[in-house]
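Visitor: The structure that follows is given in the form of structure tokens.
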There are 2 protein chains.
Amino acid sequence: MTRLPPNELDPWSSDLIQDYRRLVEQFGLSEVTERHLEIFGDAPFFRRRIIFAHRDLDVIAEAIRSGKEYAVLTGIKPTGEYHLGTFQTVKEFVYFQRKSESALAVFAIADIEAWEDNGQDFDVSRRVAVSNVADLLAAGLDPERSYVYFQSREIRVQEIAALAARGITLSTMRAVYGERHMGLYLSALVQIGDILLPQHPDFGGPKPTIVPVGVDQDPHLRLTRDVTAKLRSKWGFLEPASTYHLIIRSLLGDKKMSKRDPMSYISLRDDEELVRRKIMNAFTGGRETATLQRELGGEPWRCVVYEIAKFHLYPNDDRELERIYSECTAGERLCGECKAQIVEELVREMREHEKRREEVLPLAKKIVERASERQPLYKLT
Amino acid sequence: MTRLPPNELDPWSSDLIQDYRRLVEQFGLSEVTERHLEIFGDAPFFRRRIIFAHRDLDVIAEAIRSGKEYAVLTGIKPTGEYHLGTFQTVKEFVYFQRKSESALAVFAIADIEAWEDNGQDFDVSRRVAVSNVADLLAAGLDPERSYVYFQSREIRVQEIAALAARGITLSTMRAVYGERHMGLYLSALVQIGDILLPQHPDFGGPKPTIVPVGVDQDPHLRLTRDVTAKLRSKWGFLEPASTYHLIIRSLLGDKKMSKRDPMSYISLRDDEELVRRKIMNAFTGGRETATLQRELGGEPWRCVVYEIAKFHLYPNDDRELERIYSECTAGERLCGECKAQIVEELVREMREHEKRREEVLPLAKKIVERASERQPLYKLT
């Protein structure tokens with residue numbers, strides 16, 4: 001595998017890389033280096049520089065090396081099915097759990113956020129969550145070392161949110177989130193509770209925790225780190241570590257895949273025909289005519305179809321990805337045939353995922369059922 | 001018992017009555033009338049017009065008459081012992097529970113507020129709460145029809161707070177509470193959760209709920225009523241009813257008794273000598289000299305010592321209170337002898353309370369222990 005300098009014609013780069021560079025500098029993130037790949041190079045999203053920055057990843061690397069306990073945390077707002085954008089985080093989540101026998105995976109079902117942001121009732125969230133949890137399990141999560149919970153049913157999250165709140169001024173909230181209604185501010189506090197939950201005494205207290213996110217989530221992590229520092233003297237919390245991945249673009253090439261616009265993404269539940277149609281209509285790096293494309297070559301760094309392949313296909317075959325890239329730039333590959341190949345591979349991956357999903361669906365139901373239980377009213381006698 | 005027109009020389013009036021009148025009009029409270037006394041006249045604080053206004057008290061009256069289920073709710077910020085100011089609410093709380101076999105008493109230990117407002121740790125709150133709960137029980141609370149909880153340990157409160165938050169704008173929060181840090185805003189949301197907890201599905205759903213408070217607490221109740229109306233379509237919550245009592249003044253006659261200034265109040269844990277000293281130093285309605293007092297009479301409506309008697313003494317003997325009042329205004333009673341009488345009576349009441357308290361202390365410990373339990377982490381197998 002050739003490594004080219006970033007921002008050149010690098011199969012692992014993105015046309016957004018300039019902006020990402022700026023983010024790294026502006027927020028003081030650390031870059032992922034060759035040294036990190038020695039440990040994390042078994043993950044395609046590290047090798048392909050989809051994860052391009054981090055905070056305190058070395059703390060996690062050290063825990064892995066020494067077999068020390070650590071946690072990985074993520075979550076989902078259960079307002080719909082996973083799509084190729086949101087599923088990226090799931091793959092990273094499972095990876096960090098599977099990477100060490102000593103890792104605990106903690107997964108938040110953000111039903112409070114679904115209510116505050118989308119007005120979705122808690123009971124609807126419980127129904128939707130079964131499918132989300134099934135996707136987690138199908139992606140390879142080890143249920144034995146996992147804790148999946150609903151924000152509205154987990155008192156420990158609320159406890160930490162309340163602890164955190166005292167240290168946050170209204171002007172900080174406005175700076176990070178803008179002028180929002182109280183529900184969204186509450187939701188932000190609860191998310192701090194999510195991130196620190198693995199360090200709650202009921203989980204054995206302070207431990208390194210890694211939170212894999214898209215880079216747009218960093219303001220939230222910075223706030224959490226600030227608050228953590230303030231709570232450290234009493235609770236001993238460690239500042240959460242984080243990794244940042246590139247944001248997969250919408251199929252139309254403009255913004256990110258969003259649940260609010262179904263034509264912008266490929267859902268894990270889309271049927272084969274719909275996947276085919278969406279890919280065929282997707283924005284590419286192709287030229288206006290086949291003749292021009294043969295002459296000038298395509299621009300895979302602008303191509304959403306290539307991006308899908310980079311994020312989700314050929315996890316153990318980087319050479320195939322390089323081949324697509326170089327054939328495209330050389331004008332040896334036209335968009336039609338390329339799309340057909342990607343559709344076939346994507347559909348095959350999705351079909352396999354679906355098969356695993358069916359097997360784990362009963363377990364997903366059971367997990368949601370357990371996580372839905374409220375503390376019973378205590379009795380004195 | 002003679003009834004005089006309000007704001008005349010009425011033993012049940014207060015020199016603050018003008019201000020209270022204004023509050024009633026400004027906030028749209030309803031006045032307590034003779035009709036209410038037909039039902040609630042067995043309580044000295046109703047007869048003596050200490051409770052002078054209400055919202056929806058008739059809903060509770062109707063529930064009492066028809067034997068229908070209702071709840072009474074109050075709480076305490078567990079940052080210290082009850083004093084004669086805060087204890088007023090306890091007496092009303094117990095009264096509304098004892099008034100009907102169908103009443104449920106729900107009591108919030110506001111450890112989240114103690115953290116947000118005073119920076120007091122949750123575990124300190126748990127220790128202090130034992131004493132507070134013992135006072136509740138000594139005041140006559142029936143533990144069989146009670147639910148006592150810590151805000152930080154009660155997921156149902158957090159659930160309702162999250163539901164409520166979505167309906168509240170930041171400008172509403174600023175209007176009601178001013179520009180405060182996020183902790184105090186969170187605390188306000190949690191208090192809405194407290195007030196609606198008796199109507200949570202786990203408590204059998206919507207039911208009339210009465211919240212006895214000092215009149216300074218009304219802004220909070222108005223906010224809760226607004227939010228309740230918005231949640232009604234989905235959860236069926238009824239707007240909470242409330243009663244408003246006069247605020248007992250500081251021993252120095254200026255502002256209200258406050259935990260932040262120990263010389264401003266008489267704590268239920270003050271020893272007899274301290275009670276004596278505090279009463280002897282208290283602000284009265286006496287004249288500058290004994291001669292003047294015999295000539296002009298005293299002004300009991302300005303007297304804190306009389307106020308203590310009105311709030312807390314001779315619960316079944318209004319005539320004694322009237323006698324003190326008229327002897328004072330007639331110049332037949334000097335402050336020294338009057339204070340001696342009040343000290344003796346107050347100390348006697350406190351001693352009896354203390355005796356009951358010792359008996360119920362083990363139960364108070366047990367209640368706090370149960371209420372402190374966190375939901376265990378669920379197991380899949």
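To be explicit about the labels: the chains of the structure tokens are called A, B, and onward in the order shown, and within each one the residues are counted from 1, while ligands get numbers from 1 in the order they are shown.
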Quick one: residues within 12 Å of segment 167-174 of chain A, only C-alpha atoms counted, chain neighbours fewer than 4 positions away excluded, as an NGL selection string?

Guide: (:A and (160-163 or 178-182 or 184-189 or 192 or 219-220 or 222-231)) or (:B and (115-117 or 119 or 170-171 or 173-174 or 178-186))

Visitor: Name the residues of segment 264-349 of chain A that come out as alpha helix (DSSP H) in a backbone DSSP run; write them as a ChimeraX atom specification.

Guide: /A:272-280,290-296,304-312,318-329,335-349

Visitor: Could you save those same residues with N, CA and C atoms as a short mmCIF file (atom, residue, chain, number, x, y, z; two decimals), in the first residue's frame?

Guide:
data_model
loop_
_atom_site.label_atom_id
_atom_site.label_comp_id
_atom_site.auth_asym_id
_atom_site.auth_seq_id
_atom_site.Cartn_x
_atom_site.Cartn_y
_atom_site.Cartn_z
N GLU A 272 -32.69 -3.94 -1.76
CA GLU A 272 -31.63 -3.95 -2.78
C GLU A 272 -31.95 -3.01 -3.93
N GLU A 273 -33.21 -3.00 -4.32
CA GLU A 273 -33.61 -2.16 -5.44
C GLU A 273 -33.40 -0.68 -5.12
N LEU A 274 -33.75 -0.31 -3.90
CA LEU A 274 -33.60 1.09 -3.48
C LEU A 274 -32.12 1.47 -3.38
N VAL A 275 -31.32 0.56 -2.86
CA VAL A 275 -29.87 0.80 -2.78
C VAL A 275 -29.32 1.05 -4.18
N ARG A 276 -29.73 0.18 -5.10
CA ARG A 276 -29.26 0.30 -6.48
C ARG A 276 -29.63 1.68 -7.04
N ARG A 277 -30.90 2.06 -6.83
CA ARG A 277 -31.37 3.33 -7.38
C ARG A 277 -30.60 4.51 -6.78
N LYS A 278 -30.43 4.45 -5.46
CA LYS A 278 -29.73 5.56 -4.79
C LYS A 278 -28.29 5.69 -5.27
N ILE A 279 -27.60 4.56 -5.38
CA ILE A 279 -26.20 4.60 -5.85
C ILE A 279 -26.15 5.11 -7.29
N MET A 280 -27.08 4.62 -8.11
CA MET A 280 -27.05 5.02 -9.51
C MET A 280 -27.27 6.52 -9.67
N ALA A 290 -18.32 10.33 -21.39
CA ALA A 290 -17.41 9.19 -21.27
C ALA A 290 -16.09 9.50 -21.97
N THR A 291 -16.19 10.21 -23.09
CA THR A 291 -14.98 10.56 -23.84
C THR A 291 -14.05 11.41 -22.97
N LEU A 292 -14.63 12.44 -22.38
CA LEU A 292 -13.84 13.32 -21.50
C LEU A 292 -13.23 12.52 -20.34
N GLN A 293 -14.04 11.61 -19.82
CA GLN A 293 -13.57 10.85 -18.66
C GLN A 293 -12.38 9.98 -19.04
N ARG A 294 -12.48 9.36 -20.23
CA ARG A 294 -11.35 8.53 -20.69
C ARG A 294 -10.11 9.39 -20.89
N GLU A 295 -10.34 10.60 -21.32
CA GLU A 295 -9.24 11.51 -21.63
C GLU A 295 -8.59 12.08 -20.36
N LEU A 296 -9.45 12.65 -19.45
CA LEU A 296 -8.92 13.37 -18.28
C LEU A 296 -8.82 12.50 -17.02
N VAL A 304 -18.91 10.47 -4.20
CA VAL A 304 -19.59 9.89 -3.04
C VAL A 304 -19.56 8.36 -3.11
N VAL A 305 -19.63 7.82 -4.30
CA VAL A 305 -19.64 6.37 -4.45
C VAL A 305 -18.29 5.80 -3.98
N TYR A 306 -17.22 6.46 -4.37
CA TYR A 306 -15.91 6.05 -3.88
C TYR A 306 -15.84 6.18 -2.35
N GLU A 307 -16.43 7.24 -1.84
CA GLU A 307 -16.42 7.47 -0.40
C GLU A 307 -17.12 6.32 0.34
N ILE A 308 -18.22 5.86 -0.23
CA ILE A 308 -18.93 4.73 0.39
C ILE A 308 -18.02 3.50 0.43
N ALA A 309 -17.33 3.28 -0.68
CA ALA A 309 -16.41 2.14 -0.71
C ALA A 309 -15.32 2.29 0.34
N LYS A 310 -14.78 3.50 0.43
CA LYS A 310 -13.68 3.75 1.37
C LYS A 310 -14.15 3.53 2.82
N PHE A 311 -15.35 3.99 3.12
CA PHE A 311 -15.86 3.85 4.49
C PHE A 311 -16.30 2.42 4.80
N HIS A 312 -16.93 1.76 3.82
CA HIS A 312 -17.66 0.55 4.22
C HIS A 312 -17.32 -0.72 3.45
N ASP A 318 -7.47 -3.39 0.96
CA ASP A 318 -7.17 -2.00 0.59
C ASP A 318 -6.72 -1.92 -0.87
N ARG A 319 -6.11 -3.02 -1.38
CA ARG A 319 -5.60 -2.99 -2.76
C ARG A 319 -6.74 -2.79 -3.75
N GLU A 320 -7.90 -3.40 -3.46
CA GLU A 320 -9.04 -3.25 -4.35
C GLU A 320 -9.47 -1.78 -4.40
N LEU A 321 -9.43 -1.15 -3.24
CA LEU A 321 -9.81 0.26 -3.16
C LEU A 321 -8.80 1.12 -3.94
N GLU A 322 -7.54 0.81 -3.78
CA GLU A 322 -6.50 1.53 -4.54
C GLU A 322 -6.68 1.33 -6.04
N ARG A 323 -7.04 0.11 -6.40
CA ARG A 323 -7.24 -0.20 -7.82
C ARG A 323 -8.37 0.68 -8.39
N ILE A 324 -9.49 0.75 -7.66
CA ILE A 324 -10.62 1.58 -8.11
C ILE A 324 -10.15 3.03 -8.30
N TYR A 325 -9.41 3.50 -7.30
CA TYR A 325 -8.95 4.89 -7.30
C TYR A 325 -8.06 5.17 -8.51
N SER A 326 -7.07 4.30 -8.71
CA SER A 326 -6.11 4.60 -9.78
C SER A 326 -6.73 4.36 -11.16
N GLU A 327 -7.59 3.36 -11.28
CA GLU A 327 -8.29 3.16 -12.56
C GLU A 327 -9.15 4.37 -12.89
N CYS A 328 -9.76 4.93 -11.87
CA CYS A 328 -10.63 6.10 -12.08
C CYS A 328 -9.80 7.30 -12.55
N THR A 329 -8.76 7.60 -11.80
CA THR A 329 -7.95 8.78 -12.17
C THR A 329 -7.29 8.59 -13.54
N CYS A 335 -18.11 5.63 -14.70
CA CYS A 335 -18.95 5.63 -13.50
C CYS A 335 -19.98 4.50 -13.51
N GLY A 336 -20.56 4.21 -14.67
CA GLY A 336 -21.60 3.19 -14.72
C GLY A 336 -21.12 1.86 -14.20
N GLU A 337 -20.01 1.36 -14.78
CA GLU A 337 -19.49 0.06 -14.36
C GLU A 337 -19.03 0.10 -12.90
N CYS A 338 -18.45 1.24 -12.52
CA CYS A 338 -17.96 1.38 -11.14
C CYS A 338 -19.12 1.29 -10.16
N LYS A 339 -20.19 2.03 -10.46
CA LYS A 339 -21.38 1.99 -9.59
C LYS A 339 -21.94 0.57 -9.49
N ALA A 340 -21.95 -0.12 -10.63
CA ALA A 340 -22.48 -1.49 -10.62
C ALA A 340 -21.66 -2.36 -9.67
N GLN A 341 -20.34 -2.19 -9.71
CA GLN A 341 -19.47 -2.97 -8.82
C GLN A 341 -19.77 -2.65 -7.35
N ILE A 342 -19.87 -1.35 -7.07
CA ILE A 342 -20.08 -0.92 -5.68
C ILE A 342 -21.45 -1.39 -5.17
N VAL A 343 -22.46 -1.27 -6.02
CA VAL A 343 -23.80 -1.74 -5.63
C VAL A 343 -23.73 -3.21 -5.26
N GLU A 344 -23.10 -3.99 -6.10
CA GLU A 344 -23.04 -5.44 -5.88
C GLU A 344 -22.36 -5.75 -4.54
N GLU A 345 -21.23 -5.07 -4.30
CA GLU A 345 -20.48 -5.34 -3.08
C GLU A 345 -21.24 -4.86 -1.84
N LEU A 346 -21.85 -3.69 -1.96
CA LEU A 346 -22.60 -3.12 -0.83
C LEU A 346 -23.79 -4.01 -0.48
N VAL A 347 -24.50 -4.43 -1.52
CA VAL A 347 -25.67 -5.28 -1.31
C VAL A 347 -25.25 -6.60 -0.66
N ARG A 348 -24.11 -7.12 -1.08
CA ARG A 348 -23.61 -8.38 -0.50
C ARG A 348 -23.32 -8.18 0.99
N GLU A 349 -22.64 -7.08 1.34
CA GLU A 349 -22.33 -6.78 2.75
C GLU A 349 -23.61 -6.61 3.57
#

Visitor: Could you pull out the residues in segment 159-285 of chain A that DSSP calls strand (DSSP E or B) from the backbone, as a PyMOL selection string?

Guide: chain A and resi 209-214+241-245+249+256+267

Visitor: Please list as a CSV table (one decimal) with N, CA and C atoms, in the first residue's frame every residue within 12 Å of Tyr82 of chain A, counting only C-alpha atoms and excluding residues in the same chain fewer than 6 positions away.

Guide:
chain,number,residue,atom,x,y,z
A,75,GLY,N,-23.6,6.1,21.3
A,75,GLY,CA,-25.0,6.0,21.5
A,75,GLY,C,-25.7,6.3,20.2
A,76,ILE,N,-27.0,6.3,20.2
A,76,ILE,CA,-27.8,6.7,19.0
A,76,ILE,C,-29.1,7.4,19.5
A,88,GLN,N,-21.0,4.2,10.8
A,88,GLN,CA,-19.5,4.3,10.9
A,88,GLN,C,-19.1,4.2,12.4
A,89,THR,N,-19.9,5.0,13.2
A,89,THR,CA,-19.5,5.0,14.7
A,89,THR,C,-19.7,3.6,15.3
A,90,VAL,N,-20.7,2.9,14.9
A,90,VAL,CA,-21.0,1.6,15.4
A,90,VAL,C,-19.8,0.7,15.1
A,91,LYS,N,-19.2,0.8,13.9
A,91,LYS,CA,-18.1,-0.1,13.6
A,91,LYS,C,-16.9,0.2,14.5
A,128,VAL,N,-38.2,1.6,18.5
A,128,VAL,CA,-37.2,1.8,17.4
A,128,VAL,C,-35.9,1.2,17.9
A,129,ALA,N,-35.6,1.3,19.2
A,129,ALA,CA,-34.3,0.9,19.7
A,129,ALA,C,-34.0,-0.6,19.5
A,130,VAL,N,-35.0,-1.4,19.4
A,130,VAL,CA,-34.8,-2.8,19.2
A,130,VAL,C,-34.0,-3.0,17.9
A,131,SER,N,-34.4,-2.3,16.9
A,131,SER,CA,-33.7,-2.5,15.6
A,131,SER,C,-32.3,-1.9,15.7
A,132,ASN,N,-32.1,-0.8,16.3
A,132,ASN,CA,-30.8,-0.2,16.5
A,132,ASN,C,-29.8,-1.2,17.2
A,133,VAL,N,-30.4,-1.8,18.3
A,133,VAL,CA,-29.5,-2.7,19.1
A,133,VAL,C,-29.2,-4.0,18.3
A,134,ALA,N,-30.2,-4.4,17.5
A,134,ALA,CA,-29.9,-5.6,16.7
A,134,ALA,C,-28.8,-5.3,15.7
A,135,ASP,N,-28.7,-4.1,15.2
A,135,ASP,CA,-27.6,-3.7,14.3
A,135,ASP,C,-26.3,-3.7,15.0
A,136,LEU,N,-26.3,-3.2,16.2
A,136,LEU,CA,-25.1,-3.3,17.1
A,136,LEU,C,-24.5,-4.7,17.2
A,139,ALA,N,-23.2,-6.1,14.1
A,139,ALA,CA,-21.9,-5.6,13.8
A,139,ALA,C,-20.8,-6.2,14.6
A,257,MET,N,-25.0,12.9,5.4
A,257,MET,CA,-26.2,12.1,5.4
A,257,MET,C,-27.0,12.4,6.7
A,258,SER,N,-28.3,12.6,6.5
A,258,SER,CA,-29.1,13.1,7.6
A,258,SER,C,-30.4,12.3,7.6
A,259,LYS,N,-30.8,11.9,8.8
A,259,LYS,CA,-32.1,11.1,8.9
A,259,LYS,C,-33.3,11.9,8.5
A,262,PRO,N,-34.4,11.2,3.6
A,262,PRO,CA,-34.1,9.8,3.3
A,262,PRO,C,-33.4,9.6,2.0
A,265,TYR,N,-29.2,9.4,2.2
A,265,TYR,CA,-28.4,8.3,2.8
A,265,TYR,C,-28.9,7.0,2.3
A,266,ILE,N,-28.1,5.9,2.6
A,266,ILE,CA,-28.5,4.6,2.4
A,266,ILE,C,-28.7,4.0,3.8
A,267,SER,N,-30.0,3.6,4.1
A,267,SER,CA,-30.3,3.0,5.4
A,267,SER,C,-29.9,1.5,5.3
A,268,LEU,N,-29.6,1.0,6.5
A,268,LEU,CA,-29.3,-0.4,6.6
A,268,LEU,C,-30.6,-1.3,6.3
A,269,ARG,N,-31.7,-0.6,6.3
A,269,ARG,CA,-33.0,-1.3,6.0
A,269,ARG,C,-33.4,-1.1,4.6
A,270,ASP,N,-32.7,-0.3,3.8
A,270,ASP,CA,-33.1,-0.1,2.4
A,270,ASP,C,-33.1,-1.5,1.6
A,350,MET,N,-24.6,-5.9,3.0
A,350,MET,CA,-25.8,-5.6,3.7
A,350,MET,C,-26.6,-6.9,3.9

Visitor: Find the spatial neighbours of segment 237-247 of chain A, counting only C-alpha atoms, within a cut-off of 9 Å - ignore same-chain residues fewer than 3 positions away - and output them as a ChimeraX atom specification.

Guide: /A:14,16-17,20,29,32,45,49-60,85,88-89,195-196,199-200,205-218,221,224-229,231-234,256-257

Visitor: Would you list the contacts of Gln375 of chain B as a list of chain:residue names, taking every protein, DNA or RNA residue within 8 Å and counting only C-alpha atoms, but skipping same-chain residues closer than 3 positions in sequence?

Guide: A:Ile155, A:Arg374, A:Gln375

Visitor: Rounded to one decimal place, report the atom CA of Val190 of chain B-atom CA of Gln158 of chain B distance in Å.

Guide: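 Answer for the atom CA of Val190 of chain B to atom CA of Gln158 of chain B separation: 6.4 Å.
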
Visitor: Using only C-alpha atoms, can you tell me which of A:Gly204, A:Pro315, A:Gly67, A:Gly285 comes closest to chain B?

Guide: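 Among the listed residues, the smallest separation from chain B belongs to A:Gly204.
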